[in-house]
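Inspection log for the structure reproduced underneath, given as structure tokens.
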Amino acid sequence: MITGSSVALVTPMLSNGDVDWDNLDKLVDMHLDKGTDSIVAVGTTGESATLNCDEHCQVIKRVVDRVAGRIPVIAGTGANSTSEAIELTEEAKKVGADACLLVTPYYNKPTQEGLFLHYKAVAEAVDIPQILYNVPGRTACDMLPETALRLAEIDNIVGIKEATGDIERAKELIAKAPEGFAIYSGDDATAVELMIAGGHGNISVTANVAPAEMAELCALAMSGKADEARAIHNKLMPLHEKLFVEANPIPVKWALAEMGLMGLGIRLPLTVLADEFHGTIRDALKSSEII
């Protein structure tokens with residue numbers, strides 16, 4: 001089981017929108033150095049929606065090759081077309097990813113039965129550990145706990161990233177999931193409580209800018225050291241909140257540029273963080289003792 005702090009890694013880009021391969025390598029190296037437990041390549045924060053299929057697969061391969069087996073790499077391979085999700089998942093397995101993260105199909109609003117059949121089809125088509133990803137605020141598609149628990153019975157569906165921020169829902173999943181099925185937070189602001197309740201880790205935006213702190217927070221929360229975990233959480237709360245003043249990953253990419261770790265490149269329809277929020281993000285980095 002993959003546990004702990006998993007960074008939802010940004011995809012750094014040049015000013016013309018091309019992938020910045022050199023800084024991608026440097027970010028991976030930073031996470032290896034700072035104790036991040038696993039890396040999600042080309043998830044939502046990695047701008048999966050604007051990378052073409054070739055780029056998507058190239059970024060996954062680059063991260064896998066750079067990590068070289070030192071920590072797990074989870075590839076974002078979700079799509080709102082089941083056949084496309086299968087193709088991306090097949091490619092992720094081919095290049096050596098340890099697991100795949102598949103967001104619920106967005107825009108087309110499948111039923112709960114449609115969700116079940118979608119994930120079942122991908123799991124049966126590609127023999128690699130697969131993690132469900134529920135983020136209805138972005139997809140307009142909410143995977144209910146009963147559907148997730150049905151899918152948990154499929155051997156290579158091994159966990160869920162629950163990004164609703166609903167701790168009661170997370171507790172229900174933790175209580176009812178079969179042994180070996182992981183419940184991850186996908187919401188930094190509530191992640192510590194999910195892990196204290198028995199969750200298995202956090203797939204984090206904040207970990208992009210605070211990798212060591214998020215790794216320590218997760219380790220403490222999962223080992224039952226609730227007060228110590230909450231102390232780190234409280235220090236990082238300005239980031240948990242302010243990294244969403246505009247749509248993710250706009251603020252976190254600006255923050256990484258402010259820290260000198262990459263440039264400002266981002267792809268339309270996303271834009272560079274508005275001037276009015278520069279002070280907000282800078283203040284959050286300072287109050288969280290990142291800069």
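Identifiers for the structure tokens are assigned positionally: chains receive A, B, ... in sequence, residues are indexed from 1 per chain, and ligands are indexed from 1 in the order shown.
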Wanna dump the range 127-238 of chain A-range 68-92 of chain A contacts at 10 Å for me, each residue with its shortest atom pair and the distance in Å to one decimal, counting only C-alpha atoms, ordered by chain and number, as a Markdown table?
| residue | atom | partner | partner_atom | distance |
| --- | --- | --- | --- | --- |
| A:Asp127 | CA | A:Glu90 | CA | 8.6 |
| A:Ile128 | CA | A:Thr89 | CA | 8.2 |
| A:Pro129 | CA | A:Ile74 | CA | 9.3 |
| A:Gln130 | CA | A:Ile74 | CA | 8.9 |
| A:Ile131 | CA | A:Ile74 | CA | 8.8 |
| A:Leu132 | CA | A:Gly78 | CA | 9.0 |
| A:Tyr133 | CA | A:Gly78 | CA | 8.5 |
| A:Thr139 | CA | A:Asn80 | CA | 9.5 |
Range 141-158 of chain A: which residues within 10 Å, counting only C-alpha atoms, same-chain residues fewer than 2 positions away excluded, as a VMD selection string?
-> chain A and resid 1 to 2 99 to 101 103 to 113 115 to 117 119 to 120 122 to 124 126 to 139 160 162 164 169 to 170 172 to 173 176 to 183
Could you write out that same residue set with N, CA and C atoms as a compact mmCIF listing (two decimals), in the first residue's frame?
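The result, stored in again.txt:
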# COMPACT_ATOMS: atom_id res chain seq x y z
N MET A 1 0.84 -1.20 0.00
CA MET A 1 0.00 0.00 0.00
C MET A 1 0.88 1.25 0.00
N ILE A 2 0.55 2.21 -0.86
CA ILE A 2 1.23 3.51 -0.86
C ILE A 2 0.61 4.36 0.23
N ALA A 99 1.39 2.87 -9.93
CA ALA A 99 -0.07 2.85 -9.79
C ALA A 99 -0.63 3.96 -10.66
N CYS A 100 -1.94 3.96 -10.82
CA CYS A 100 -2.60 5.01 -11.60
C CYS A 100 -3.72 5.63 -10.77
N LEU A 101 -3.94 6.91 -11.01
CA LEU A 101 -5.00 7.68 -10.35
C LEU A 101 -5.99 8.11 -11.43
N VAL A 103 -9.45 10.03 -12.25
CA VAL A 103 -10.52 10.93 -11.86
C VAL A 103 -11.84 10.44 -12.44
N THR A 104 -12.93 10.75 -11.74
CA THR A 104 -14.25 10.41 -12.28
C THR A 104 -14.46 11.12 -13.62
N PRO A 105 -15.12 10.47 -14.56
CA PRO A 105 -15.37 11.11 -15.86
C PRO A 105 -16.10 12.45 -15.69
N TYR A 106 -15.50 13.47 -16.25
CA TYR A 106 -15.99 14.83 -16.08
C TYR A 106 -16.90 15.23 -17.23
N TYR A 107 -17.75 16.17 -17.00
CA TYR A 107 -18.64 16.82 -17.96
C TYR A 107 -19.83 15.96 -18.38
N ASN A 108 -19.61 14.67 -18.69
CA ASN A 108 -20.73 13.89 -19.23
C ASN A 108 -21.64 13.30 -18.17
N LYS A 109 -21.34 13.46 -16.89
CA LYS A 109 -22.23 13.14 -15.77
C LYS A 109 -22.80 11.72 -15.82
N PRO A 110 -21.96 10.69 -15.71
CA PRO A 110 -22.47 9.32 -15.69
C PRO A 110 -23.26 9.04 -14.41
N THR A 111 -24.11 8.03 -14.49
CA THR A 111 -24.81 7.53 -13.30
C THR A 111 -23.82 6.78 -12.41
N GLN A 112 -24.28 6.41 -11.22
CA GLN A 112 -23.43 5.60 -10.35
C GLN A 112 -23.10 4.25 -11.00
N GLU A 113 -24.06 3.68 -11.71
CA GLU A 113 -23.78 2.42 -12.41
C GLU A 113 -22.78 2.64 -13.54
N LEU A 115 -20.42 4.88 -13.52
CA LEU A 115 -19.12 5.01 -12.87
C LEU A 115 -18.56 3.63 -12.53
N PHE A 116 -19.39 2.79 -11.98
CA PHE A 116 -18.93 1.44 -11.62
C PHE A 116 -18.42 0.70 -12.85
N LEU A 117 -19.17 0.74 -13.92
CA LEU A 117 -18.78 0.01 -15.13
C LEU A 117 -17.54 0.63 -15.78
N TYR A 119 -14.95 2.22 -14.24
CA TYR A 119 -13.77 1.81 -13.49
C TYR A 119 -13.52 0.31 -13.58
N LYS A 120 -14.58 -0.45 -13.60
CA LYS A 120 -14.44 -1.91 -13.74
C LYS A 120 -13.77 -2.24 -15.07
N VAL A 122 -11.72 -0.35 -16.87
CA VAL A 122 -10.30 0.01 -16.86
C VAL A 122 -9.51 -1.00 -16.03
N ALA A 123 -10.05 -1.38 -14.89
CA ALA A 123 -9.34 -2.32 -14.02
C ALA A 123 -9.16 -3.67 -14.70
N GLU A 124 -10.17 -4.11 -15.42
CA GLU A 124 -10.08 -5.40 -16.10
C GLU A 124 -9.16 -5.35 -17.31
N VAL A 126 -6.37 -3.33 -17.65
CA VAL A 126 -4.96 -3.04 -17.36
C VAL A 126 -4.63 -3.52 -15.95
N ASP A 127 -3.70 -4.45 -15.86
CA ASP A 127 -3.32 -5.04 -14.58
C ASP A 127 -2.26 -4.18 -13.90
N ILE A 128 -2.72 -3.11 -13.27
CA ILE A 128 -1.87 -2.21 -12.50
C ILE A 128 -2.72 -1.68 -11.35
N PRO A 129 -2.15 -1.45 -10.17
CA PRO A 129 -2.95 -0.88 -9.09
C PRO A 129 -3.58 0.46 -9.49
N GLN A 130 -4.85 0.61 -9.18
CA GLN A 130 -5.60 1.79 -9.61
C GLN A 130 -6.29 2.44 -8.42
N ILE A 131 -6.22 3.78 -8.37
CA ILE A 131 -6.79 4.58 -7.30
C ILE A 131 -7.90 5.43 -7.87
N LEU A 132 -9.08 5.33 -7.30
CA LEU A 132 -10.20 6.16 -7.70
C LEU A 132 -9.95 7.60 -7.24
N TYR A 133 -10.57 8.55 -7.92
CA TYR A 133 -10.35 9.96 -7.58
C TYR A 133 -11.68 10.68 -7.70
N ASN A 134 -12.20 11.12 -6.54
CA ASN A 134 -13.50 11.77 -6.50
C ASN A 134 -13.33 13.23 -6.14
N VAL A 135 -13.61 14.12 -7.10
CA VAL A 135 -13.49 15.56 -6.87
C VAL A 135 -14.64 16.27 -7.57
N PRO A 136 -15.87 16.13 -7.03
CA PRO A 136 -17.06 16.63 -7.73
C PRO A 136 -17.05 18.13 -7.95
N GLY A 137 -16.31 18.88 -7.15
CA GLY A 137 -16.24 20.32 -7.35
C GLY A 137 -15.64 20.70 -8.69
N ARG A 138 -14.84 19.79 -9.27
CA ARG A 138 -14.25 20.06 -10.58
C ARG A 138 -14.92 19.26 -11.69
N THR A 139 -15.45 18.10 -11.38
CA THR A 139 -15.93 17.21 -12.43
C THR A 139 -17.44 17.24 -12.65
N ILE A 160 -8.86 5.17 -2.87
CA ILE A 160 -9.60 6.31 -3.39
C ILE A 160 -9.01 7.60 -2.84
N GLU A 162 -10.26 10.93 -1.93
CA GLU A 162 -11.55 11.54 -1.64
C GLU A 162 -11.31 13.04 -1.40
N THR A 164 -13.58 15.62 -1.47
CA THR A 164 -14.73 16.45 -1.14
C THR A 164 -14.49 17.29 0.10
N ARG A 169 -17.90 11.50 5.38
CA ARG A 169 -17.86 10.56 4.25
C ARG A 169 -16.57 9.74 4.30
N ALA A 170 -15.47 10.40 4.58
CA ALA A 170 -14.19 9.69 4.67
C ALA A 170 -14.23 8.64 5.77
N GLU A 172 -16.80 7.05 6.88
CA GLU A 172 -17.63 5.93 6.42
C GLU A 172 -16.82 5.00 5.53
N LEU A 173 -16.03 5.58 4.62
CA LEU A 173 -15.21 4.75 3.75
C LEU A 173 -14.16 3.99 4.55
N LYS A 176 -15.82 1.04 6.39
CA LYS A 176 -16.45 -0.03 5.60
C LYS A 176 -15.56 -0.64 4.53
N ALA A 177 -14.45 0.00 4.21
CA ALA A 177 -13.59 -0.50 3.12
C ALA A 177 -12.93 -1.81 3.51
N PRO A 178 -12.71 -2.69 2.53
CA PRO A 178 -12.01 -3.94 2.83
C PRO A 178 -10.56 -3.69 3.20
N GLU A 179 -9.96 -4.63 3.89
CA GLU A 179 -8.56 -4.51 4.27
C GLU A 179 -7.69 -4.35 3.02
N GLY A 180 -6.75 -3.42 3.10
CA GLY A 180 -5.86 -3.19 1.97
C GLY A 180 -6.33 -2.12 1.00
N PHE A 181 -7.52 -1.58 1.24
CA PHE A 181 -8.05 -0.50 0.39
C PHE A 181 -7.75 0.83 1.07
N ALA A 182 -7.00 1.69 0.42
CA ALA A 182 -6.51 2.92 1.04
C ALA A 182 -7.47 4.08 0.83
N ILE A 183 -7.62 4.89 1.86
CA ILE A 183 -8.42 6.12 1.78
C ILE A 183 -7.45 7.29 1.91
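Closest approach to Val7 in chain A among A:Val59, A:Asp22, A:Ala207, A:Leu220 is made by A:Ala207 (distances from only C-alpha atoms).
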Who sits within 12 Å of Gly224 in chain A, only C-alpha atoms, same chain under 5 positions skipped, as a list in words | Val192, Glu193, Leu194, Met195, Ile196, Ala197, Gly198, Gly199, His200, Leu217, Cys218, Ala219, Ala229 and Arg230 of chain A
